[in-house]
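Source file coords.csv; content: CSV, C-alpha atoms and all ligand atoms.
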```
chain,number,residue,atom,x,y,z
A,280,MET,CA,-111.5,37.4,113.7
A,281,ARG,CA,-113.9,40.0,112.4
A,282,ASN,CA,-112.8,43.6,112.0
A,283,VAL,CA,-114.3,46.1,114.5
A,284,THR,CA,-114.1,49.8,115.1
A,285,LEU,CA,-114.3,51.6,118.5
A,286,ILE,CA,-115.9,55.0,117.9
A,287,LEU,CA,-115.7,57.6,120.6
A,288,ASP,CA,-118.1,60.5,121.1
A,289,ASP,CA,-115.6,63.0,119.7
A,290,GLY,CA,-115.4,61.0,116.4
A,291,SER,CA,-112.0,59.3,117.1
A,292,ARG,CA,-111.9,55.8,115.6
A,293,PHE,CA,-109.7,52.9,116.6
A,294,HIS,CA,-109.6,49.8,114.5
A,295,GLY,CA,-109.1,46.3,115.9
A,296,LYS,CA,-110.4,42.7,115.8
A,297,SER,CA,-113.1,40.9,117.8
A,298,PHE,CA,-112.0,38.1,120.1
A,299,GLY,CA,-115.0,37.9,122.4
A,300,TYR,CA,-118.8,37.7,121.8
A,301,GLU,CA,-119.8,39.2,118.5
A,302,LYS,CA,-122.3,42.0,119.2
A,303,PRO,CA,-122.1,45.7,118.9
A,304,VAL,CA,-122.0,47.5,122.3
A,305,ALA,CA,-122.1,51.1,123.7
A,306,GLY,CA,-121.0,52.5,127.0
A,307,GLU,CA,-118.6,54.8,128.9
A,308,VAL,CA,-115.1,54.2,127.7
A,309,VAL,CA,-112.7,54.0,130.7
A,310,PHE,CA,-109.1,52.9,131.2
A,311,ASN,CA,-107.4,50.8,133.8
A,312,THR,CA,-103.6,50.8,134.1
A,313,ALA,CA,-103.3,47.6,136.3
A,314,MET,CA,-100.9,44.9,135.0
A,315,THR,CA,-103.1,42.0,136.2
A,316,GLY,CA,-106.5,41.2,137.5
A,317,TYR,CA,-108.8,41.0,134.5
A,318,PRO,CA,-111.0,38.2,136.1
A,319,GLU,CA,-111.5,40.4,139.2
A,320,SER,CA,-112.1,43.6,137.2
A,321,LEU,CA,-114.5,42.1,134.7
A,322,THR,CA,-116.6,40.7,137.6
A,323,ASP,CA,-116.4,43.9,139.7
A,324,PRO,CA,-120.1,45.2,139.5
A,325,SER,CA,-118.7,48.8,139.6
A,326,TYR,CA,-117.8,48.4,135.9
A,327,ALA,CA,-121.4,48.1,134.8
A,328,GLY,CA,-122.1,50.4,131.9
A,329,GLN,CA,-118.5,50.7,131.0
A,330,LEU,CA,-116.2,49.6,128.2
A,331,MET,CA,-113.0,48.7,130.0
A,332,THR,CA,-109.7,49.5,128.3
A,333,LEU,CA,-106.6,47.8,129.8
A,334,THR,CA,-103.4,49.7,129.2
A,335,TYR,CA,-101.1,46.7,130.1
A,336,PRO,CA,-100.5,45.4,126.5
A,337,LEU,CA,-100.6,41.6,127.0
A,338,VAL,CA,-103.9,40.3,128.2
A,339,GLY,CA,-105.2,36.7,128.5
A,340,ASN,CA,-101.9,34.8,129.0
A,341,TYR,CA,-102.9,33.5,132.5
A,342,GLY,CA,-106.4,32.4,131.4
A,343,VAL,CA,-109.5,32.4,133.6
A,344,PRO,CA,-110.1,30.7,136.9
A,345,PRO,CA,-113.0,28.4,137.5
A,346,PHE,CA,-116.4,29.6,138.7
A,347,THR,CA,-116.5,27.6,141.9
A,348,PHE,CA,-118.3,28.8,145.0
A,349,GLU,CA,-117.5,28.7,148.7
A,350,ALA,CA,-119.9,27.0,151.2
A,351,ASN,CA,-121.3,30.5,152.0
A,352,GLY,CA,-122.3,31.0,148.4
A,353,LEU,CA,-119.5,33.5,147.4
A,354,PRO,CA,-117.5,32.8,144.3
A,355,THR,CA,-114.0,31.5,145.2
A,356,PHE,CA,-112.0,33.5,142.7
A,357,MET,CA,-114.4,36.1,141.1
A,358,GLU,CA,-115.8,39.3,142.5
A,359,SER,CA,-119.4,38.5,141.6
A,360,GLU,CA,-121.4,35.9,139.8
A,361,LYS,CA,-120.9,37.3,136.3
A,362,ILE,CA,-119.1,39.8,134.1
A,363,HIS,CA,-120.4,43.3,134.7
A,364,ALA,CA,-118.2,45.4,132.3
A,365,GLU,CA,-119.9,45.8,128.9
A,366,ALA,CA,-116.8,45.0,127.0
A,367,ILE,CA,-113.0,44.7,127.3
A,368,ILE,CA,-110.6,46.6,125.0
A,369,VAL,CA,-106.9,45.3,124.8
A,370,SER,CA,-103.8,45.8,122.7
A,371,ASP,CA,-102.6,42.3,122.3
A,372,TYR,CA,-104.9,39.4,123.3
A,373,SER,CA,-103.1,36.1,124.1
A,374,GLU,CA,-105.2,33.1,123.3
A,375,LYS,CA,-102.5,30.8,124.7
A,376,TYR,CA,-102.6,30.7,128.5
A,377,SER,CA,-100.9,28.9,131.3
A,378,HIS,CA,-101.6,29.1,135.0
A,379,TRP,CA,-102.2,26.6,137.8
A,380,ASN,CA,-105.7,27.8,138.3
A,381,ALA,CA,-106.8,28.5,134.7
A,382,VAL,CA,-109.7,26.4,133.2
A,383,GLU,CA,-110.5,28.4,130.0
A,384,SER,CA,-109.3,31.2,127.8
A,385,LEU,CA,-110.5,34.8,128.2
A,386,ALA,CA,-112.1,34.6,124.8
A,387,ASP,CA,-114.1,31.5,125.7
A,388,TRP,CA,-115.3,33.1,128.9
A,389,LEU,CA,-116.3,36.3,127.1
A,390,LYS,CA,-118.2,34.3,124.5
A,391,ARG,CA,-120.0,32.3,127.1
A,392,GLU,CA,-121.1,35.5,129.0
A,393,GLN,CA,-121.9,37.3,125.7
A,394,ILE,CA,-119.4,40.1,126.3
A,395,PRO,CA,-117.5,41.6,123.4
A,396,GLY,CA,-113.7,41.8,123.6
A,397,ILE,CA,-111.5,43.6,121.1
A,398,THR,CA,-107.8,43.4,120.4
A,399,GLY,CA,-105.3,45.2,118.2
A,400,ILE,CA,-106.3,48.6,119.7
A,401,ASP,CA,-103.6,51.1,120.4
A,402,THR,CA,-104.6,51.4,124.0
A,403,ARG,CA,-101.8,53.8,124.9
A,404,GLU,CA,-103.1,56.3,122.2
A,405,LEU,CA,-106.7,55.7,123.3
A,406,THR,CA,-105.8,56.4,126.9
A,407,LYS,CA,-104.0,59.6,125.8
A,408,VAL,CA,-107.2,60.7,124.1
A,409,LEU,CA,-109.3,59.9,127.2
A,410,ARG,CA,-106.8,61.7,129.5
A,411,GLU,CA,-106.9,64.8,127.3
A,412,HIS,CA,-110.6,65.0,126.6
A,413,GLY,CA,-111.9,63.2,129.7
A,414,VAL,CA,-113.9,59.9,129.7
A,415,MET,CA,-116.3,59.6,126.8
A,416,MET,CA,-119.1,57.5,125.6
A,417,GLY,CA,-118.2,55.2,122.8
A,418,LYS,CA,-119.3,52.2,120.9
A,419,ILE,CA,-117.8,49.1,119.3
A,420,VAL,CA,-119.3,48.2,115.9
A,421,PHE,CA,-118.6,45.4,113.4
A,422,ASP,CA,-117.2,46.8,110.1
A,423,ASP,CA,-119.2,44.3,108.0
A,424,GLU,CA,-122.6,45.3,109.7
A,425,PRO,CA,-124.6,48.5,109.5
A,426,ASN,CA,-124.0,50.8,112.4
A,427,ASN,CA,-127.3,50.2,114.2
A,428,ILE,CA,-126.3,50.3,117.9
A,429,PRO,CA,-128.2,52.9,119.9
A,430,GLU,CA,-126.3,55.5,121.9
A,431,ALA,CA,-125.9,54.6,125.5
A,432,THR,CA,-126.2,57.0,128.5
A,433,TYR,CA,-124.2,56.7,131.7
A,434,ALA,CA,-124.6,59.9,133.8
A,435,GLY,CA,-127.9,59.9,135.6
A,436,VAL,CA,-128.6,56.2,135.1
A,437,ASN,CA,-129.1,54.2,138.4
A,438,TYR,CA,-126.8,51.3,137.7
A,439,VAL,CA,-126.8,50.4,141.4
A,440,ASP,CA,-130.4,49.2,141.1
A,441,LYS,CA,-129.4,46.8,138.3
A,442,VAL,CA,-126.6,45.1,140.2
A,443,SER,CA,-127.7,45.1,143.9
A,444,CYS,CA,-129.1,41.9,145.4
A,445,LYS,CA,-132.9,41.8,145.3
A,446,GLU,CA,-133.5,40.3,148.7
A,447,ILE,CA,-131.6,39.9,152.0
A,448,ILE,CA,-128.7,37.5,152.0
A,449,ARG,CA,-127.1,36.3,155.4
A,450,TYR,CA,-123.6,35.1,155.9
A,451,ASN,CA,-122.3,33.4,159.1
A,452,GLU,CA,-125.8,33.5,160.4
A,453,GLY,CA,-125.9,33.1,164.2
A,454,GLU,CA,-122.1,32.5,164.2
A,455,GLY,CA,-120.3,35.8,164.0
A,456,LYS,CA,-119.5,37.7,167.2
A,457,LYS,CA,-121.1,40.9,165.9
A,458,LYS,CA,-123.7,41.7,163.2
A,459,VAL,CA,-123.0,44.1,160.3
A,460,VAL,CA,-125.6,45.3,157.9
A,461,LEU,CA,-124.0,45.6,154.4
A,462,VAL,CA,-125.8,47.9,152.0
A,463,ASP,CA,-125.2,46.2,148.7
A,464,CYS,CA,-124.7,48.9,146.0
A,465,GLY,CA,-122.9,46.2,143.9
A,466,VAL,CA,-120.6,44.7,146.5
A,467,LYS,CA,-117.4,42.9,145.5
A,468,SER,CA,-117.1,39.4,147.0
A,469,ASN,CA,-113.8,40.2,148.7
A,470,ILE,CA,-115.4,42.8,150.9
A,471,ILE,CA,-117.7,40.2,152.2
A,472,ARG,CA,-114.8,37.7,152.6
A,473,CYS,CA,-112.8,40.4,154.5
A,474,LEU,CA,-115.7,40.9,156.9
A,475,LEU,CA,-116.4,37.2,157.4
A,476,LYS,CA,-112.8,36.3,158.2
A,477,ARG,CA,-113.0,38.8,161.0
A,478,ASP,CA,-115.7,36.8,162.6
A,479,VAL,CA,-118.8,38.9,161.9
A,480,GLU,CA,-122.2,38.0,160.7
A,481,VAL,CA,-123.1,39.9,157.5
A,482,ILE,CA,-126.7,40.9,156.7
A,483,ARG,CA,-126.5,41.9,153.0
A,484,VAL,CA,-129.4,44.1,152.1
A,485,PRO,CA,-130.6,45.6,148.7
A,486,TRP,CA,-129.3,49.2,148.2
A,487,ASP,CA,-132.6,50.9,148.9
A,488,TYR,CA,-133.8,48.7,151.8
A,489,ASP,CA,-134.5,50.5,155.0
A,490,PHE,CA,-132.5,48.4,157.4
A,491,ASN,CA,-133.0,50.6,160.4
A,492,SER,CA,-135.5,48.3,162.1
A,493,LEU,CA,-133.0,45.4,162.1
A,494,GLN,CA,-130.8,44.5,165.0
A,495,PHE,CA,-127.1,45.1,164.2
A,496,ASP,CA,-123.8,46.4,165.6
A,497,GLY,CA,-122.3,48.2,162.6
A,498,LEU,CA,-123.2,49.5,159.1
A,499,PHE,CA,-121.1,48.9,156.0
A,500,ILE,CA,-121.8,50.7,152.7
A,501,SER,CA,-120.4,49.0,149.6
A,502,ASN,CA,-118.8,50.0,146.3
A,503,GLY,CA,-121.1,50.2,143.3
A,504,PRO,CA,-121.4,51.4,139.7
A,505,GLY,CA,-122.6,54.7,138.2
A,506,ASP,CA,-123.5,58.1,139.5
A,507,PRO,CA,-123.9,58.4,143.3
A,508,ASP,CA,-126.4,61.2,142.8
A,509,THR,CA,-128.9,58.5,141.6
A,510,CYS,CA,-128.9,56.7,145.0
A,511,ASP,CA,-130.9,59.0,147.2
A,512,ALA,CA,-132.9,56.2,148.9
A,513,ALA,CA,-129.6,54.8,150.3
A,514,VAL,CA,-128.5,58.3,151.5
A,515,GLN,CA,-131.8,58.7,153.3
A,516,ASN,CA,-131.4,55.4,155.1
A,517,ILE,CA,-127.8,56.2,156.1
A,518,ARG,CA,-129.0,59.5,157.5
A,519,LYS,CA,-131.6,57.7,159.6
A,520,ALA,CA,-128.9,55.3,160.9
A,521,MET,CA,-126.8,58.3,161.8
A,522,GLN,CA,-129.3,59.3,164.4
A,523,ASN,CA,-127.5,56.7,166.5
A,524,GLU,CA,-124.2,58.5,167.1
A,525,LYS,CA,-122.5,55.4,168.5
A,526,LEU,CA,-123.2,53.2,165.5
A,527,PRO,CA,-119.9,52.3,163.7
A,528,ILE,CA,-120.2,53.1,160.0
A,529,PHE,CA,-117.6,52.2,157.3
A,530,GLY,CA,-118.0,52.8,153.5
A,531,ILE,CA,-115.9,51.8,150.5
A,532,CYS,CA,-115.8,53.7,147.2
A,533,MET,CA,-119.5,54.3,146.3
A,534,GLY,CA,-119.9,53.9,150.1
A,535,ASN,CA,-117.5,56.8,150.7
A,536,GLN,CA,-119.6,58.9,148.3
A,537,LEU,CA,-122.9,58.0,149.9
A,538,LEU,CA,-121.6,58.5,153.4
A,539,SER,CA,-120.3,61.9,152.3
A,540,LYS,CA,-123.6,62.8,150.8
A,541,ALA,CA,-125.4,61.7,154.0
A,542,GLY,CA,-123.1,64.1,155.8
A,543,GLY,CA,-124.1,66.9,153.4
A,544,ALA,CA,-121.1,66.9,151.0
A,545,LYS,CA,-121.2,67.1,147.2
A,546,ILE,CA,-119.9,64.8,144.5
A,547,TYR,CA,-118.3,65.7,141.2
A,548,LYS,CA,-117.1,63.7,138.2
A,549,LEU,CA,-113.3,63.3,137.8
A,550,LYS,CA,-112.0,64.0,134.3
A,551,TYR,CA,-110.9,60.4,133.6
A,552,GLY,CA,-111.2,58.6,137.0
A,553,HIS,CA,-108.8,56.5,139.0
A,554,ARG,CA,-108.5,52.9,137.8
A,555,SER,CA,-105.3,51.1,138.7
A,556,HIS,CA,-103.3,49.2,141.4
A,557,ASN,CA,-100.9,51.9,142.2
A,558,GLN,CA,-102.8,55.0,143.4
A,559,PRO,CA,-100.9,56.7,146.2
A,560,VAL,CA,-103.0,58.0,149.1
A,561,ARG,CA,-101.8,59.9,152.2
A,562,LEU,CA,-103.3,59.4,155.6
A,563,VAL,CA,-104.2,62.9,156.6
A,564,GLY,CA,-102.3,64.3,159.6
A,565,THR,CA,-99.4,61.8,158.9
A,566,ASP,CA,-96.6,61.2,156.4
A,567,LYS,CA,-97.9,57.7,155.8
A,568,CYS,CA,-98.6,56.8,152.2
A,569,PHE,CA,-100.3,53.7,151.0
A,570,ILE,CA,-100.5,52.2,147.5
A,571,THR,CA,-104.1,51.4,146.7
A,572,SER,CA,-106.3,49.6,144.2
A,573,GLN,CA,-108.9,51.9,142.7
A,574,ASN,CA,-111.9,52.0,140.4
A,575,HIS,CA,-113.9,55.2,140.5
A,576,GLY,CA,-115.0,58.0,138.2
A,577,TYR,CA,-116.7,60.3,140.8
A,578,ALA,CA,-115.1,62.0,143.8
A,579,VAL,CA,-116.2,63.8,147.0
A,580,ASP,CA,-115.6,67.5,147.0
A,581,ASN,CA,-113.3,68.2,150.0
A,582,ASN,CA,-114.5,71.8,150.2
A,583,THR,CA,-118.1,70.7,150.8
A,584,LEU,CA,-117.5,68.5,153.9
A,585,GLY,CA,-119.5,69.7,156.9
A,586,ALA,CA,-117.8,71.2,160.0
A,587,ASP,CA,-118.0,67.8,161.8
A,588,TRP,CA,-116.2,65.9,159.0
A,589,GLU,CA,-112.6,65.9,157.7
A,590,PRO,CA,-110.7,64.2,154.9
A,591,LEU,CA,-109.2,60.9,156.0
A,592,PHE,CA,-107.0,60.2,152.9
A,593,ILE,CA,-105.9,62.4,150.0
A,594,ASN,CA,-104.8,61.2,146.6
A,595,MET,CA,-101.1,62.1,146.2
A,596,ASN,CA,-101.4,62.4,142.4
A,597,ASP,CA,-104.2,64.9,142.1
A,598,GLY,CA,-105.1,66.0,145.7
A,599,SER,CA,-108.6,64.6,145.4
A,600,ASN,CA,-110.6,63.1,148.3
A,601,GLU,CA,-109.8,59.4,149.1
A,602,GLY,CA,-111.9,59.0,152.3
A,603,ILE,CA,-113.6,60.9,155.1
A,604,ARG,CA,-114.0,60.6,158.9
A,605,HIS,CA,-116.4,62.1,161.4
A,606,LYS,CA,-114.6,64.2,164.1
A,607,LYS,CA,-116.6,62.6,167.0
A,608,ASN,CA,-118.6,59.6,165.9
A,609,PRO,CA,-117.2,56.2,164.7
A,610,TRP,CA,-117.9,56.9,161.0
A,611,PHE,CA,-115.3,56.7,158.3
A,612,SER,CA,-114.8,55.6,154.7
A,613,ALA,CA,-112.3,55.0,151.9
A,614,GLN,CA,-112.6,55.9,148.2
A,615,PHE,CA,-110.1,53.2,147.3
A,616,HIS,CA,-110.4,49.4,147.7
A,617,PRO,CA,-108.9,48.2,151.0
A,618,GLU,CA,-110.2,44.7,150.1
A,619,ALA,CA,-108.0,44.8,146.9
A,620,ALA,CA,-108.9,41.8,144.6
A,621,SER,CA,-107.2,42.7,142.6
A,622,GLY,CA,-104.3,44.9,143.7
A,623,PRO,CA,-102.2,45.7,146.8
A,624,THR,CA,-103.5,44.7,150.3
A,625,ASP,CA,-101.7,47.6,152.1
A,626,THR,CA,-104.9,49.1,153.5
A,627,GLU,CA,-106.8,45.9,154.6
A,628,PHE,CA,-106.2,47.0,158.2
A,629,LEU,CA,-109.2,49.3,157.7
A,630,PHE,CA,-111.4,46.3,158.2
A,631,ASP,CA,-109.7,45.6,161.5
A,632,GLU,CA,-110.3,49.2,162.5
A,633,PHE,CA,-114.0,48.8,161.7
A,634,VAL,CA,-114.4,45.5,163.4
A,635,LYS,CA,-112.7,46.9,166.6
A,636,LEU,CA,-115.3,49.6,166.7
A,637,LEU,CA,-118.3,47.1,166.7
B,1,LIG,N1,-116.0,51.3,142.7
B,1,LIG,C1,-117.0,52.1,143.0
B,1,LIG,O1,-117.7,52.0,144.0
B,1,LIG,C2,-117.2,53.3,142.1
B,1,LIG,C3,-118.1,54.4,142.7
B,1,LIG,C4,-118.8,55.2,141.6
B,1,LIG,N2,-119.6,54.5,140.7
B,1,LIG,C5,-117.6,56.0,140.9
B,1,LIG,O2,-117.4,55.7,139.7
B,1,LIG,O3,-117.0,56.8,141.4
```

Could you take the file, read its structure, and then write that structure out as structure tokens?
Amino acid sequence: MRNVTLILDDGSRFHGKSFGYEKPVAGEVVFNTAMTGYPESLTDPSYAGQLMTLTYPLVGNYGVPPFTFEANGLPTFMESEKIHAEAIIVSDYSEKYSHWNAVESLADWLKREQIPGITGIDTRELTKVLREHGVMMGKIVFDDEPNNIPEATYAGVNYVDKVSCKEIIRYNEGEGKKKVVLVDCGVKSNIIRCLLKRDVEVIRVPWDYDFNSLQFDGLFISNGPGDPDTCDAAVQNIRKAMQNEKLPIFGICMGNQLLSKAGGAKIYKLKYGHRSHNQPVRLVGTDKCFITSQNHGYAVDNNTLGADWEPLFINMNDGSNEGIRHKKNPWFSAQFHPEAASGPTDTEFLFDEFVKLL
């Protein structure tokens, strides 16, 4: 195993060993405190541009599931067709694995997809640095090679355009009871699975496609990577769709941010984001709290919501926005991931609420 160093923008250095593909890499360094779910997280398109640190110390011991596909073209076990994170950073990589569904080791998968993985990093100390300073850009370099990796940029880059589908994809065509247009900002497969199992036809369109001339019963806006302020074309299309006040609209994560922007609200960057399986959110107006799966670095500013809108969920750790709803029209969204995959399924009922409105 070759020696590597993770260098953060503030000059902090963390020394470890390479266990994945051997290439230097740069990106935004983020941390995720979930205890499981590395196959799902690595293939979540929302991690594009990011070096993903896992704080759970032992990673790799249940291997990697196969890349098989369902009849509708969706991967059976993964959240997209490939790894989207730029790299994975762990404390203690386990090459030995055992699981009913495992077909290869995490190292073999990373090498095949040309994604660096590093182990032996004090991920607890790294997370403390990121919590105190805020997320930072960083790079992984090989100690025996000159440091020749260019700096990466994250803010202001339109990552959605890199991961969105390039043409329309239809699921359950002519079979579902209702039709939903899904704006693909980097959609996770389980969102589509959650819609399909509720008997709807899904028309998945590129993020900037003007879908308003299509025939459909509801609009869904997906999760996606990067800065929502780079996705103006989607915001304009959503605004056009809102001219029909009866059209049900549901957004998740980036979808919450884009719906909020279409409603006139502003977005800001969180100091170090929410990435875990145990983020508590309260349903506004009730004492109900749900434990949610999350992966986001930006948030909607509650104080900028227009008079017709209100927060739907609030994060119980830091009071930040976790969803919005319109006071009159059937429009709502969640900042967390009700589709889970990975993580708790407590809030999957939001898909039922959406489908009931169609
Ligand atoms: N998972 C997502 O959709 C993330 C949305 C956005 N890229 C953020 O970081 O906040």

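Counting all atoms listed in the file and comparing A:Ser384, A:Ser621, A:Gln614, A:Ser539, the residue that lies closest to ligand LIG 1 (chain B) is A:Gln614.
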
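Between CA of Val560 (chain A) and CA of Phe529 (chain A) lies a distance of 17.7 Å.
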
Practice task
May I have the residues at most 10 Å from (-129.6, 48.1, 124.5) in the file's coordinates, counting all atoms listed in the file, as a PyMOL selection string?
Solution key: chain A and resi 303-306+428-431

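Polymer residues near (-106.0, 45.0, 160.1): counting all atoms listed in the file with a cut-off of 12 Å, they are A:Cys473, A:Leu474, A:Lys476, A:Arg477, A:Pro617, A:Glu618, A:Thr624, A:Asp625, A:Thr626, A:Glu627, A:Phe628, A:Leu629, A:Phe630, A:Asp631, A:Glu632, A:Phe633, A:Val634, A:Lys635.
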
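All residues of protein, DNA or RNA that reach within 9 Å of Asn608 (chain A), judged by all atoms listed in the file and not counting those fewer than 4 positions away in the chain, are Glu524, Lys525, Leu526, Pro527, Ile528 and Arg604 of chain A.
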
Exercise for the section: Please check which protein, DNA or RNA residues sit within 7 Å of ligand LIG 1 (chain B), counting only C-alpha atoms and all ligand atoms, and write them as a PyMOL selection string. Expected result: chain A and resi 325+501-507+531-534+574-578

Glu589 (chain A) surroundings by all atoms listed in the file, 7 Å radius, close-in-sequence under 4 positions cut, as a compact mmCIF listing (two decimals) with C-alpha atoms, keeping the file's coordinate frame:
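And here's around_27.txt as it stands now:
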```
# COMPACT_ATOMS: atom_id res chain seq x y z
CA LEU A 584 -117.50 68.50 153.90
CA ILE A 603 -113.60 60.90 155.10
CA ARG A 604 -114.00 60.60 158.90
CA HIS A 605 -116.40 62.10 161.40
CA LYS A 606 -114.60 64.20 164.10
```

Problem - Residue neighbourhood Asn311 (chain A), 6 Å, all atoms listed in the file, exclusion window fewer than 6 positions, as JSON, numbers by chain - result: {"A": [333, 554, 555]}
